[in-house]
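Asks: So here's query33.txt, just compact mmCIF, C-alpha atoms and all ligand atoms:
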# COMPACT_ATOMS: atom_id res chain seq x y z
CA MET A 1 156.52 119.04 -14.98
CA ALA A 2 154.28 118.31 -17.90
CA GLU A 3 151.06 120.12 -18.48
CA LYS A 4 148.17 119.09 -16.27
CA ARG A 5 146.04 116.33 -17.69
CA ASP A 6 142.31 116.41 -17.64
CA TYR A 7 141.01 114.73 -14.47
CA TYR A 8 138.69 112.40 -16.36
CA GLU A 9 141.57 111.39 -18.55
CA VAL A 10 143.75 110.75 -15.49
CA LEU A 11 141.23 108.34 -14.04
CA GLY A 12 140.36 106.93 -17.47
CA VAL A 13 136.64 107.58 -17.20
CA SER A 14 134.15 109.45 -19.34
CA LYS A 15 132.75 112.84 -18.42
CA SER A 16 129.43 111.21 -17.67
CA ALA A 17 130.90 108.61 -15.33
CA THR A 18 128.88 107.80 -12.22
CA ASP A 19 130.30 108.17 -8.73
CA ALA A 20 130.65 104.42 -8.50
CA GLU A 21 132.57 104.28 -11.78
CA ILE A 22 134.87 107.02 -10.61
CA LYS A 23 135.52 105.25 -7.35
CA LYS A 24 136.17 101.99 -9.10
CA ALA A 25 138.59 103.62 -11.53
CA TYR A 26 140.35 105.32 -8.68
CA HIS A 27 140.83 102.07 -6.78
CA ALA A 28 142.27 100.46 -9.88
CA MET A 29 144.73 103.35 -10.19
CA VAL A 30 145.72 103.10 -6.55
CA LYS A 31 146.48 99.42 -7.01
CA LYS A 32 148.59 100.27 -10.02
CA TYR A 33 150.59 103.20 -8.70
CA HIS A 34 150.65 102.88 -4.96
CA PRO A 35 154.07 104.02 -3.67
CA ASP A 36 154.37 100.92 -1.52
CA LEU A 37 154.38 98.87 -4.71
CA HIS A 38 156.89 101.15 -6.39
CA PRO A 39 159.40 102.27 -3.84
CA ASP A 40 161.67 105.03 -5.03
CA ASP A 41 159.84 105.18 -8.33
CA LYS A 42 159.50 108.88 -9.00
CA GLU A 43 157.21 108.35 -11.93
CA ALA A 44 154.76 106.19 -10.02
CA GLU A 45 154.78 108.74 -7.24
CA GLU A 46 153.87 111.51 -9.65
CA LYS A 47 151.15 109.37 -11.18
CA MET A 48 149.73 108.65 -7.74
CA LYS A 49 149.73 112.33 -6.96
CA GLU A 50 147.92 113.10 -10.17
CA VAL A 51 145.39 110.35 -9.51
CA ASN A 52 144.72 111.56 -5.98
CA GLU A 53 144.20 115.08 -7.13
CA ALA A 54 141.80 113.98 -9.85
CA TYR A 55 139.88 111.81 -7.40
CA ASP A 56 139.72 114.58 -4.84
CA VAL A 57 137.84 116.72 -7.33
CA LEU A 58 135.75 114.17 -9.18
CA SER A 59 134.58 112.40 -6.03
CA ASP A 60 133.25 115.65 -4.62
CA LYS A 61 129.97 116.63 -6.21
CA ASP A 62 130.53 120.32 -5.71
CA LYS A 63 134.12 120.36 -6.92
CA ARG A 64 133.25 118.22 -9.88
CA ALA A 65 130.54 120.62 -10.97
CA LYS A 66 132.95 123.54 -10.73
CA TYR A 67 135.58 121.63 -12.65
CA ASP A 68 133.10 120.77 -15.37
CA ARG A 69 132.22 124.43 -15.64
CA ALA A 70 135.58 126.14 -15.40
CA GLY A 71 138.29 123.53 -15.63
CA PHE A 72 141.26 123.59 -13.26
CA ALA A 73 140.70 127.22 -12.35
CA GLY A 74 137.26 126.25 -11.10
CA VAL A 75 138.63 124.03 -8.37
CA ASP A 76 141.97 125.64 -7.61
CA PRO A 77 142.10 129.43 -7.39
CA SER A 78 145.87 129.34 -7.51
CA TYR A 79 145.84 127.20 -10.60
CA GLY A 80 148.90 127.88 -12.62
CA ALA A 81 150.88 128.62 -9.48
CA GLY A 82 151.67 125.14 -8.45
CA SER A 83 150.35 123.34 -5.45
CA GLY A 84 149.63 126.61 -3.73
CA ALA A 85 149.34 124.69 -0.48
CA GLY A 86 147.56 127.44 1.36
CA ALA A 87 150.41 128.36 3.65
CA GLY A 88 151.24 131.61 5.31
CA GLY A 89 149.45 134.89 5.01
CA PHE A 90 151.02 136.33 1.94
CA GLY A 91 148.11 135.83 -0.38
CA GLY A 92 148.00 133.98 -3.62
CA PHE A 93 150.24 133.79 -6.59
CA GLY A 94 147.65 135.12 -8.96
CA GLY A 95 148.82 135.73 -12.44
CA MET A 96 152.03 133.79 -12.22
CA GLY A 97 150.54 131.31 -14.63
CA GLY A 98 152.30 128.77 -16.69
CA PHE A 99 154.27 126.82 -14.13
CA GLY A 100 153.06 123.41 -13.27
CA ASP A 101 154.59 123.22 -9.84
CA ILE A 102 156.45 126.24 -8.70
CA GLY A 103 157.34 124.66 -5.39
CA ASP A 104 159.43 122.07 -7.17
CA ILE A 105 161.09 124.65 -9.36
CA PHE A 106 162.21 126.81 -6.47
CA GLY A 107 162.99 123.74 -4.49
CA ASP A 108 165.50 122.88 -7.15
CA ILE A 109 166.93 126.38 -7.26
CA PHE A 110 167.30 126.65 -3.53
CA SER A 111 168.62 123.19 -3.03
CA GLY A 112 171.95 124.62 -4.10
CA PHE A 113 172.06 126.85 -1.05
CA GLY A 114 170.99 124.19 1.33
CA GLY A 115 168.99 124.65 4.44
CA PHE A 116 166.31 126.92 3.06
CA GLY A 117 163.65 124.38 3.74
CA GLY A 118 163.89 125.00 7.41
CA MET A 119 163.58 128.73 7.25
CA GLY A 120 160.55 128.61 9.45
CA GLY A 121 158.71 131.63 10.65
CA PHE A 122 156.54 131.82 7.60
CA GLY A 123 155.18 128.36 7.68
CA GLN A 124 154.43 126.30 10.67
CA SER A 125 157.35 124.13 11.61
CA ARG A 126 156.17 120.76 12.68
CA GLN A 127 157.43 117.73 14.45
CA ASN A 128 157.37 114.42 12.74
CA PRO A 129 153.67 113.45 12.79
CA ASN A 130 154.60 109.83 13.27
CA ALA A 131 156.74 110.43 16.33
CA PRO A 132 155.52 108.64 19.46
CA ARG A 133 153.31 110.79 21.64
CA ARG A 134 152.37 110.10 25.24
CA GLY A 135 148.68 109.74 26.04
CA GLN A 136 146.91 112.32 28.16
CA ASP A 137 146.61 112.00 31.90
CA ILE A 138 143.05 111.63 33.12
CA ARG A 139 142.05 113.43 36.29
CA THR A 140 139.29 112.13 38.46
CA ASP A 141 137.95 112.86 41.92
CA VAL A 142 137.19 110.26 44.54
CA GLN A 143 135.16 111.01 47.65
CA ILE A 144 135.90 109.04 50.79
CA SER A 145 134.78 109.32 54.38
CA PHE A 146 136.88 110.85 57.13
CA MET A 147 137.36 107.45 58.71
CA ASP A 148 138.37 105.81 55.44
CA ALA A 149 141.03 108.48 55.04
CA CYS A 150 142.38 107.57 58.48
CA LYS A 151 142.25 103.82 57.98
CA GLY A 152 142.80 103.40 54.23
CA VAL A 153 140.17 102.07 51.84
CA ASP A 154 139.74 100.38 48.48
CA VAL A 155 137.98 102.62 46.00
CA THR A 156 136.69 101.91 42.54
CA VAL A 157 137.74 104.45 39.95
CA ARG A 158 135.62 104.87 36.86
CA VAL A 159 136.83 106.95 33.94
CA ASN A 160 136.31 107.20 30.20
CA ARG A 161 139.56 106.94 28.36
CA ASN A 162 140.95 106.68 24.85
CA GLU A 163 141.94 103.17 23.99
CA LYS A 164 143.57 101.89 20.86
CA CYS A 165 140.74 100.79 18.56
CA PRO A 166 140.55 97.00 18.82
CA GLN A 167 139.36 96.65 15.24
CA CYS A 168 142.12 98.51 13.42
CA HIS A 169 144.72 98.40 16.20
CA GLY A 170 145.07 102.15 16.04
CA SER A 171 145.66 102.56 12.31
CA GLY A 172 142.23 104.09 11.66
CA ALA A 173 141.92 102.08 8.43
CA ARG A 174 139.22 99.52 7.79
CA PRO A 175 140.47 96.10 8.90
CA GLY A 176 142.17 94.45 5.95
CA THR A 177 143.31 97.78 4.54
CA SER A 178 146.09 100.02 5.75
CA PRO A 179 146.70 103.74 5.75
CA GLU A 180 148.68 105.01 2.81
CA THR A 181 151.61 107.31 3.00
CA CYS A 182 150.42 110.75 1.96
CA PRO A 183 151.74 111.27 -1.55
CA ASP A 184 151.87 115.05 -1.23
CA CYS A 185 154.21 115.17 1.72
CA ARG A 186 155.60 111.65 1.50
CA GLY A 187 154.52 110.99 5.02
CA THR A 188 156.27 113.92 6.62
CA GLY A 189 153.08 115.86 7.27
CA SER A 190 154.51 119.07 5.93
CA VAL A 191 155.02 120.52 2.50
CA ARG A 192 157.43 123.14 1.28
CA THR A 193 156.01 125.98 -0.67
CA ALA A 194 157.65 128.84 -2.45
CA GLN A 195 156.14 132.28 -2.24
CA ARG A 196 156.99 135.51 -3.96
CA PHE A 197 157.27 138.28 -1.45
CA GLY A 198 158.22 141.58 -3.01
CA GLY A 199 161.20 140.75 -5.16
CA ALA A 200 162.25 137.77 -3.13
CA VAL A 201 161.09 134.22 -3.23
CA ILE A 202 160.68 132.65 0.13
CA GLN A 203 160.43 128.99 0.68
CA SER A 204 158.50 127.91 3.70
CA THR A 205 157.17 124.78 5.28
CA SER A 206 153.53 124.33 6.13
CA VAL A 207 151.12 121.66 7.24
CA CYS A 208 150.30 119.33 4.40
CA PRO A 209 146.73 120.18 3.43
CA ARG A 210 145.97 116.79 1.99
CA CYS A 211 146.67 114.75 5.11
CA ARG A 212 146.36 117.65 7.58
CA GLY A 213 149.79 116.91 8.89
CA THR A 214 149.27 113.27 9.74
CA GLY A 215 151.45 112.06 6.89
CA ARG A 216 148.92 109.35 6.14
CA ILE A 217 145.80 109.01 4.11
CA ILE A 218 143.07 106.61 5.05
CA ARG A 219 140.98 105.60 2.06
CA GLU A 220 138.57 103.35 3.89
CA VAL A 221 138.04 104.32 7.47
CA CYS A 222 137.69 101.78 10.23
CA PRO A 223 134.01 101.52 11.21
CA GLY A 224 134.97 100.93 14.82
CA CYS A 225 136.62 104.31 15.36
CA SER A 226 135.64 106.37 12.29
CA GLY A 227 139.29 106.51 11.36
CA GLN A 228 140.46 108.01 14.64
CA GLY A 229 142.45 104.95 15.65
CA VAL A 230 141.18 105.33 19.18
CA VAL A 231 137.86 104.66 20.85
CA ARG A 232 136.39 106.12 24.01
CA ARG A 233 135.81 103.39 26.55
CA PRO A 234 134.78 103.23 30.17
CA PHE A 235 137.49 101.91 32.41
CA THR A 236 137.13 100.71 35.98
CA LYS A 237 139.83 99.88 38.45
CA THR A 238 139.92 99.31 42.17
CA VAL A 239 142.78 100.98 43.95
CA SER A 240 143.89 100.89 47.55
CA ILE A 241 143.99 104.30 49.15
CA PRO A 242 146.58 104.15 51.94
CA ARG A 243 145.76 105.12 55.52
CA GLY A 244 146.64 108.68 56.35
CA VAL A 245 145.58 110.33 53.08
CA ASP A 246 144.20 113.78 53.47
CA ASN A 247 141.81 115.99 51.59
CA GLY A 248 143.41 117.15 48.34
CA ASN A 249 146.03 114.40 48.19
CA THR A 250 146.47 112.76 44.81
CA ASP A 251 147.24 109.23 43.83
CA ARG A 252 148.33 108.00 40.44
CA ILE A 253 147.57 104.88 38.44
CA THR A 254 150.50 104.73 36.10
CA GLY A 255 149.88 103.83 32.49
CA GLU A 256 146.09 103.62 32.71
CA GLY A 257 145.25 107.01 31.19
CA ASP A 258 144.64 107.73 27.50
CA CYS A 259 146.60 105.48 25.19
CA GLY A 260 149.76 106.78 23.58
CA ILE A 261 149.92 107.56 19.85
CA ASN A 262 152.43 105.97 17.48
CA GLY A 263 153.72 103.68 20.16
CA GLY A 264 154.06 106.44 22.76
CA GLU A 265 153.45 105.49 26.35
CA ASN A 266 150.03 105.73 27.96
CA GLY A 267 149.07 108.59 30.22
CA ASP A 268 148.22 108.06 33.88
CA ILE A 269 145.03 108.32 35.88
CA ILE A 270 145.43 110.94 38.57
CA ILE A 271 143.05 110.52 41.47
CA ARG A 272 142.27 113.47 43.68
CA ILE A 273 141.06 112.52 47.12
CA ASN A 274 138.18 114.47 48.60
CA VAL A 275 137.62 113.66 52.25
CA LYS A 276 134.13 114.26 53.61
CA PRO A 277 134.22 116.18 56.88
CA ASP A 278 133.28 114.28 60.02
CA GLU A 279 130.73 115.39 62.60
CA MET A 280 132.87 114.45 65.56
CA PHE A 281 136.47 114.81 64.49
CA GLU A 282 138.57 117.46 62.92
CA ARG A 283 141.97 116.83 61.56
CA GLU A 284 145.14 118.79 61.07
CA GLY A 285 147.88 116.76 59.47
CA SER A 286 148.04 113.58 61.50
CA ASP A 287 146.51 115.11 64.65
CA ILE A 288 142.85 114.76 65.51
CA TYR A 289 140.79 117.30 67.43
CA SER A 290 137.46 116.70 69.13
CA GLU A 291 135.23 117.88 71.93
CA VAL A 292 133.88 115.67 74.70
CA PRO A 293 130.86 116.67 76.79
CA ILE A 294 131.08 115.98 80.53
CA SER A 295 128.69 116.75 83.34
CA TYR A 296 129.49 119.54 85.77
CA LEU A 297 129.63 116.84 88.43
CA GLN A 298 132.28 114.92 86.50
CA ALA A 299 134.13 118.17 85.99
CA ALA A 300 134.01 118.95 89.70
CA LEU A 301 134.69 115.51 91.13
CA GLY A 302 136.72 113.97 88.32
CA ASP A 303 135.74 110.71 86.62
CA GLU A 304 136.78 108.08 84.17
CA ILE A 305 135.23 108.98 80.87
CA THR A 306 135.15 107.31 77.46
CA VAL A 307 136.64 109.43 74.69
CA PRO A 308 135.60 108.57 71.14
CA THR A 309 138.71 108.21 68.95
CA ILE A 310 139.25 106.85 65.44
CA ASP A 311 140.03 103.51 67.08
CA GLY A 312 136.82 103.51 69.13
CA GLY A 313 136.19 104.45 72.75
CA GLU A 314 139.30 105.24 74.78
CA LYS A 315 139.17 105.35 78.60
CA PHE A 316 140.56 108.49 80.16
CA ARG A 317 140.51 109.76 83.76
CA ILE A 318 139.78 113.44 84.09
CA PRO A 319 140.99 114.99 87.31
CA PRO A 320 138.70 116.66 89.85
CA GLY A 321 138.21 120.36 89.24
CA THR A 322 138.56 120.11 85.47
CA GLN A 323 137.61 123.40 83.85
CA ASN A 324 135.41 123.80 80.80
CA GLY A 325 137.49 123.83 77.63
CA THR A 326 140.50 122.06 79.11
CA VAL A 327 142.37 120.17 76.38
CA PHE A 328 143.77 116.71 77.04
CA VAL A 329 146.00 114.76 74.70
CA LEU A 330 145.91 111.06 73.88
CA ARG A 331 149.36 110.36 72.50
CA ASN A 332 149.60 108.28 69.32
CA LYS A 333 145.83 108.07 68.92
CA GLY A 334 145.76 110.35 65.88
CA VAL A 335 146.07 109.43 62.20
CA TYR A 336 148.91 107.38 60.79
CA LYS A 337 151.35 109.41 58.80
CA LEU A 338 151.21 108.49 55.12
CA TYR A 339 153.38 105.44 54.41
CA ARG A 340 154.83 105.54 57.92
CA PRO A 341 154.26 103.49 61.06
CA THR A 342 153.95 106.52 63.33
CA ARG A 343 150.81 108.34 64.33
CA GLY A 344 149.76 111.78 65.40
CA ASP A 345 147.91 112.59 68.64
CA HIS A 346 144.29 112.97 69.58
CA HIS A 347 143.49 116.27 71.31
CA PHE A 348 140.14 116.59 72.99
CA ALA A 349 138.60 119.49 74.82
CA VAL A 350 136.01 118.87 77.55
CA ARG A 351 132.80 120.83 77.37
CA VAL A 352 130.95 121.04 80.63
CA ASP A 353 127.23 120.52 80.23
CA VAL A 354 125.45 123.13 82.32
CA PRO A 355 122.14 121.75 83.61
CA LYS A 356 119.04 123.34 82.10
CA ASN A 357 115.35 123.61 83.02
CA LEU A 358 115.93 123.27 86.77
CA ASN A 359 112.84 123.08 88.93
CA ARG A 360 112.44 125.16 92.07
CA ARG A 361 113.85 122.47 94.36
CA GLN A 362 116.86 121.85 92.17
CA ALA A 363 117.50 125.58 91.97
CA GLU A 364 117.35 125.92 95.75
CA LEU A 365 119.77 123.01 96.20
CA LEU A 366 122.14 124.58 93.80
CA LYS A 367 121.93 127.94 95.52
CA ALA A 368 122.56 126.28 98.85
CA PHE A 369 125.50 124.51 97.33
CA ASP A 370 126.88 127.74 95.89
CA ASP A 371 126.45 129.48 99.25
CA SER A 372 128.56 126.74 100.78
CA LEU A 373 131.48 127.44 98.49
CA GLU A 374 134.54 128.89 100.06
CA GLU A 375 137.41 130.79 98.56
CA ARG A 376 139.49 127.64 98.09
CA ASN A 377 136.69 126.06 95.99
CA LYS A 378 136.89 128.82 93.42
CA SER A 379 139.09 128.48 90.44
CA ASP A 380 139.85 130.46 87.28
CA ARG A 381 136.52 132.25 87.37
CA LYS A 382 137.53 134.13 90.47
CA ASN A 383 141.02 134.72 89.16
CA ILE A 384 139.70 136.14 85.90
CA PHE A 385 137.51 138.65 87.75
CA ASP A 386 140.46 139.60 89.92
CA ARG A 387 142.65 140.13 86.89
CA MET A 388 139.97 142.15 85.10
CA THR A 389 139.52 144.38 88.13
CA GLY A 390 143.23 144.95 88.20
CA LYS A 391 143.33 145.68 84.52
CA PHE A 392 140.47 148.16 84.38
CA GLY A 393 141.39 149.91 87.59
CA LYS A 394 138.31 148.93 89.52
ZN ZN B 401 139.53 101.53 14.32
ZN ZN B 402 150.49 114.92 3.52
Represent the structure contained in this file as structure tokens.

Replies:
Amino acid sequence: MAEKRDYYEVLGVSKSATDAEIKKAYHAMVKKYHPDLHPDDKEAEEKMKEVNEAYDVLSDKDKRAKYDRAGFAGVDPSYGAGSGAGAGGFGGFGGMGGFGDIGDIFGDIFSGFGGFGGMGGFGQSRQNPNAPRRGQDIRTDVQISFMDACKGVDVTVRVNRNEKCPQCHGSGARPGTSPETCPDCRGTGSVRTAQRFGGAVIQSTSVCPRCRGTGRIIREVCPGCSGQGVVRRPFTKTVSIPRGVDNGNTDRITGEGDCGINGGENGDIIIRINVKPDEMFEREGSDIYSEVPISYLQAALGDEITVPTIDGGEKFRIPPGTQNGTVFVLRNKGVYKLYRPTRGDHHFAVRVDVPKNLNRRQAELLKAFDDSLEERNKSDRKNIFDRMTGKFGK
């Protein structure tokens, strides 16, 4: 490679050129040498590279000042050692001097052996930056009531997601312009560099510093997305939660997550269902559990009672002599199994309400009643005392 040309000379501007003049000159050069206009033209490619490098420095106030002061060495500490590409941890090439582009030189030498480019380990091996990538899944929580979980419900899901920018259609370039293929890596996103390590020269691959591995350079960024190609947008969708869902279940809206990159498919929205507990019902799988208060009279004489279920009040006849805590089962009155036509059961325990705040007369009546009880009227209470006596020996 020929000796490096002065950056001002490359862009064809004077040393006192204004920023605007530099930009204008650069644009003219891009139009002249852009690789798209000169496919497979090695010379144009080199020119473009030279122009980009010059513009990189002269368009940056700080770099330009350093260049004006110290020349190439002012802006590139590895000047004289080729592109230097910043890879690996082996330190610079200091003092090698004299070669324009050592990477190319060793590239040529090693090309005879084949396969050195992929040596890996020293650089970062990368996938093709332009390969399709699937968008991210978005996780969101939805809170529904106990009853809605039993019956099914429509919920509205609101998320923020990445969408392809409508202005640039994902390219990141200002509408009317298009991203350019990175001249340094020719769109691959990685560059090969040669490094001297002890006596050996090792060629490695690293992320292209110019395009940061994207393989593309955007000269004029899209104002809609600041060059990202995607925009963050709120997204709302109503989904039907099926009957029988339970706390912690998840549902998925396929293809409505973050948009894919480079034509990759979209991610999904994953909805996690949180079911609010109910005051009256508890649930285990598709079975429901509840407690029903009855009077001691109903417990003693039996009665038809109304049991609250998820379908509403259900008539049930409790037998005379029902004990506190007895569990009854209403078959097929539980929750529908998810995506099935069958249901669980409803289990309810009766809780006998013991009368409180009795007045003297009521208390006397109750005592008289209790005195009237015979052995055959007694139930588990008696049996429990008998068993305890037996157990504890007295
Ligand atoms: Zn855009
Ligand atoms: Zn690149």

Asks: Considering all atoms listed in the file, return as a list of chain:residue names whatever protein or nucleic-acid residues lie within 9 Å of Val30 of chain A, sequence-local ones (same chain, fewer than 3 positions apart) excluded.

Replies: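 In the requested form, the answer reads A:Ala25, A:Tyr26, A:His27, A:Tyr33, A:His34, A:Pro35, A:Met48, A:Val51, A:Asn52.
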
Asks: Env of Val327 of chain A: 9 Å cut, atoms = only C-alpha atoms, seq-sep filter 6 positions within chain, self excluded. Answer as a list in words.

Replies: Glu291, His347, Phe348, Ala349 and Val350 of chain A

Asks: Smallest atom-to-atom distance to ligand ZN 402 (chain B): which of A:Pro179, A:Gly321, A:Pro129, A:Gly189, using only C-alpha atoms and all ligand atoms?

Replies: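 Going through A:Pro179, A:Gly321, A:Pro129, A:Gly189 one by one, the smallest distance to ligand ZN 402 (chain B) is for A:Gly189.
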
Asks: Can you tell me which residues surround segment 272-275 of chain A at a distance of at most 7 Å, considering all atoms listed in the file, apart from same-chain residues fewer than 4 positions away, and format the answer as a PyMOL selection string?

Replies: chain A and resi 140-146+149+246-251

Asks: For a quick check of understanding, using all atoms listed in the file, which of A:Lys276, A:Arg186, A:Arg340, A:Arg174 has the smallest distance to Ser226 of chain A?

Replies: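 Between A:Lys276, A:Arg186, A:Arg340, A:Arg174, the residue approaching Ser226 of chain A most closely is A:Arg174.
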
Asks: Would you mind listing the residues within 7 Å of ligand ZN 401 (chain B), counting only C-alpha atoms and all ligand atoms, as an NGL selection string?

Replies: :A and (165-174 or 222-230)

Asks: The selected residues should be written to file as a PDB file, keeping the file's coordinate frame (atoms: C-alpha atoms).

Replies:
ATOM      1  CA  CYS A 165     140.740 100.790  18.560  1.00  0.00           C
ATOM      2  CA  PRO A 166     140.550  97.000  18.820  1.00  0.00           C
ATOM      3  CA  GLN A 167     139.360  96.650  15.240  1.00  0.00           C
ATOM      4  CA  CYS A 168     142.120  98.510  13.420  1.00  0.00           C
ATOM      5  CA  HIS A 169     144.720  98.400  16.200  1.00  0.00           C
ATOM      6  CA  GLY A 170     145.070 102.150  16.040  1.00  0.00           C
ATOM      7  CA  SER A 171     145.660 102.560  12.310  1.00  0.00           C
ATOM      8  CA  GLY A 172     142.230 104.090  11.660  1.00  0.00           C
ATOM      9  CA  ALA A 173     141.920 102.080   8.430  1.00  0.00           C
ATOM     10  CA  ARG A 174     139.220  99.520   7.790  1.00  0.00           C
ATOM     11  CA  CYS A 222     137.690 101.780  10.230  1.00  0.00           C
ATOM     12  CA  PRO A 223     134.010 101.520  11.210  1.00  0.00           C
ATOM     13  CA  GLY A 224     134.970 100.930  14.820  1.00  0.00           C
ATOM     14  CA  CYS A 225     136.620 104.310  15.360  1.00  0.00           C
ATOM     15  CA  SER A 226     135.640 106.370  12.290  1.00  0.00           C
ATOM     16  CA  GLY A 227     139.290 106.510  11.360  1.00  0.00           C
ATOM     17  CA  GLN A 228     140.460 108.010  14.640  1.00  0.00           C
ATOM     18  CA  GLY A 229     142.450 104.950  15.650  1.00  0.00           C
ATOM     19  CA  VAL A 230     141.180 105.330  19.180  1.00  0.00           C
TER      20      VAL A 230
END

Asks: Quick one: residues within 7 Å of ligand ZN 402 (chain B), with only C-alpha atoms and all ligand atoms, as a PyMOL selection string?

Replies: chain A and resi 182-190+208-216

Asks: Hey, what's within 7 Å of Val153 of chain A if we count only C-alpha atoms and toss same-chain stuff fewer than 6 positions away? As a list in words, please?

Replies: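 Contacts, with the query itself left out: Ser240, Ile241 and Pro242 of chain A.
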
Asks: Could you write those residues out with C-alpha atoms, as a JSON list (two decimals), keeping the file's coordinate frame?

Replies:
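Once written, result_27.json looks like this:
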[["chain", "number", "residue", "atom", "x", "y", "z"],
["A", 240, "SER", "CA", 143.89, 100.89, 47.55],
["A", 241, "ILE", "CA", 143.99, 104.30, 49.15],
["A", 242, "PRO", "CA", 146.58, 104.15, 51.94]]

Asks: What is the distance between atom CA of Ile288 of chain A and atom CA of Pro355 of chain A, in Å to one decimal?

Replies: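 For atom CA of Ile288 of chain A relative to atom CA of Pro355 of chain A, the distance reads 28.4 Å.
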
Asks: For the atom pair atom CA of Ser59 of chain A and atom CA of Glu220 of chain A, what is the interatomic distance in Å to one decimal place?

Replies: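 Taking atom CA of Ser59 of chain A as the start and atom CA of Glu220 of chain A as the end point, the length is 14.0 Å.
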
Asks: So the first atom is atom CA of Thr254 of chain A and the second is atom CA of Pro341 of chain A; what is the distance between them in Å, to one decimal place?

Replies: 25.3 Å

Asks: Pick the closest to Arg134 of chain A from A:Ile261, A:Leu297, A:Cys150, A:Val352: which is it, counting only C-alpha atoms?

Replies: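 Residue with the minimum atom-to-atom distance to Arg134 of chain A: A:Ile261.
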
Asks: Can you pull out the residues contacting Glu50 of chain A? Cut-off 10 Å, using all atoms listed in the file, and skip same-chain residues under 6 positions away; I want them as JSON, numbers by chain.

Replies: {"A": [4, 5, 6, 7, 10, 11, 44, 56, 183, 184]}

Asks: Please determine, counting all atoms listed in the file, which residue among A:Arg233, A:Lys61, A:Arg376, A:Lys333 has the shortest atom-to-atom distance to Pro308 of chain A.

Replies: A:Lys333

Asks: Rank nothing, just name the residue among A:Asp258, A:Asp62, A:Asp19, A:Asp137 nearest to Ile270 of chain A, using all atoms listed in the file.

Replies: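 Smallest separation from Ile270 of chain A among the options: A:Asp137.
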
Asks: For Lys15 of chain A, which residue among A:Leu373, A:Leu366, A:Val191, A:Ala65 is the nearest when counting all atoms listed in the file?

Replies: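 Closest candidate: A:Ala65.
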
Asks: Taking all atoms of segment 151-157 of chain A that the file lists, what box with edges along x, y and z, padded by 3 Å per side, do you get, with centre and edge lengths in Å to one decimal, as JSON?

Replies:
{"center_x": 139.7, "center_y": 102.4, "center_z": 49.0, "size_x": 12.1, "size_y": 10.1, "size_z": 24.0}

Asks: Will you model N, CA, C and O atoms for segment 289-298 of chain A and pass it back as a short mmCIF file (atom, residue, chain, number, x, y, z; two decimals), keeping the file's coordinate frame?

Replies:
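Result file selection-v3.cif:
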data_model
loop_
_atom_site.label_atom_id
_atom_site.label_comp_id
_atom_site.auth_asym_id
_atom_site.auth_seq_id
_atom_site.Cartn_x
_atom_site.Cartn_y
_atom_site.Cartn_z
N TYR A 289 141.35 116.42 66.40
CA TYR A 289 140.79 117.30 67.43
C TYR A 289 139.32 116.98 67.61
O TYR A 289 138.60 116.77 66.62
N SER A 290 138.89 116.93 68.88
CA SER A 290 137.46 116.70 69.13
C SER A 290 137.06 117.37 70.44
O SER A 290 137.91 117.89 71.17
N GLU A 291 135.78 117.33 70.70
CA GLU A 291 135.23 117.88 71.93
C GLU A 291 134.47 116.78 72.64
O GLU A 291 133.78 116.00 71.97
N VAL A 292 134.61 116.71 73.97
CA VAL A 292 133.88 115.67 74.70
C VAL A 292 133.03 116.33 75.78
O VAL A 292 133.55 117.07 76.61
N PRO A 293 131.71 116.08 75.75
CA PRO A 293 130.86 116.67 76.79
C PRO A 293 131.00 115.89 78.10
O PRO A 293 131.05 114.66 78.10
N ILE A 294 131.11 116.62 79.21
CA ILE A 294 131.08 115.98 80.53
C ILE A 294 130.08 116.73 81.40
O ILE A 294 129.75 117.89 81.12
N SER A 295 129.63 116.08 82.46
CA SER A 295 128.69 116.75 83.34
C SER A 295 129.47 117.68 84.27
O SER A 295 130.67 117.49 84.48
N TYR A 296 128.77 118.64 84.87
CA TYR A 296 129.49 119.54 85.77
C TYR A 296 129.94 118.79 87.02
O TYR A 296 130.93 119.11 87.63
N LEU A 297 129.22 117.67 87.30
CA LEU A 297 129.63 116.84 88.43
C LEU A 297 130.95 116.12 88.14
O LEU A 297 131.86 116.09 88.96
N GLN A 298 131.02 115.57 86.92
CA GLN A 298 132.28 114.92 86.50
C GLN A 298 133.43 115.92 86.50
O GLN A 298 134.55 115.62 86.92
#
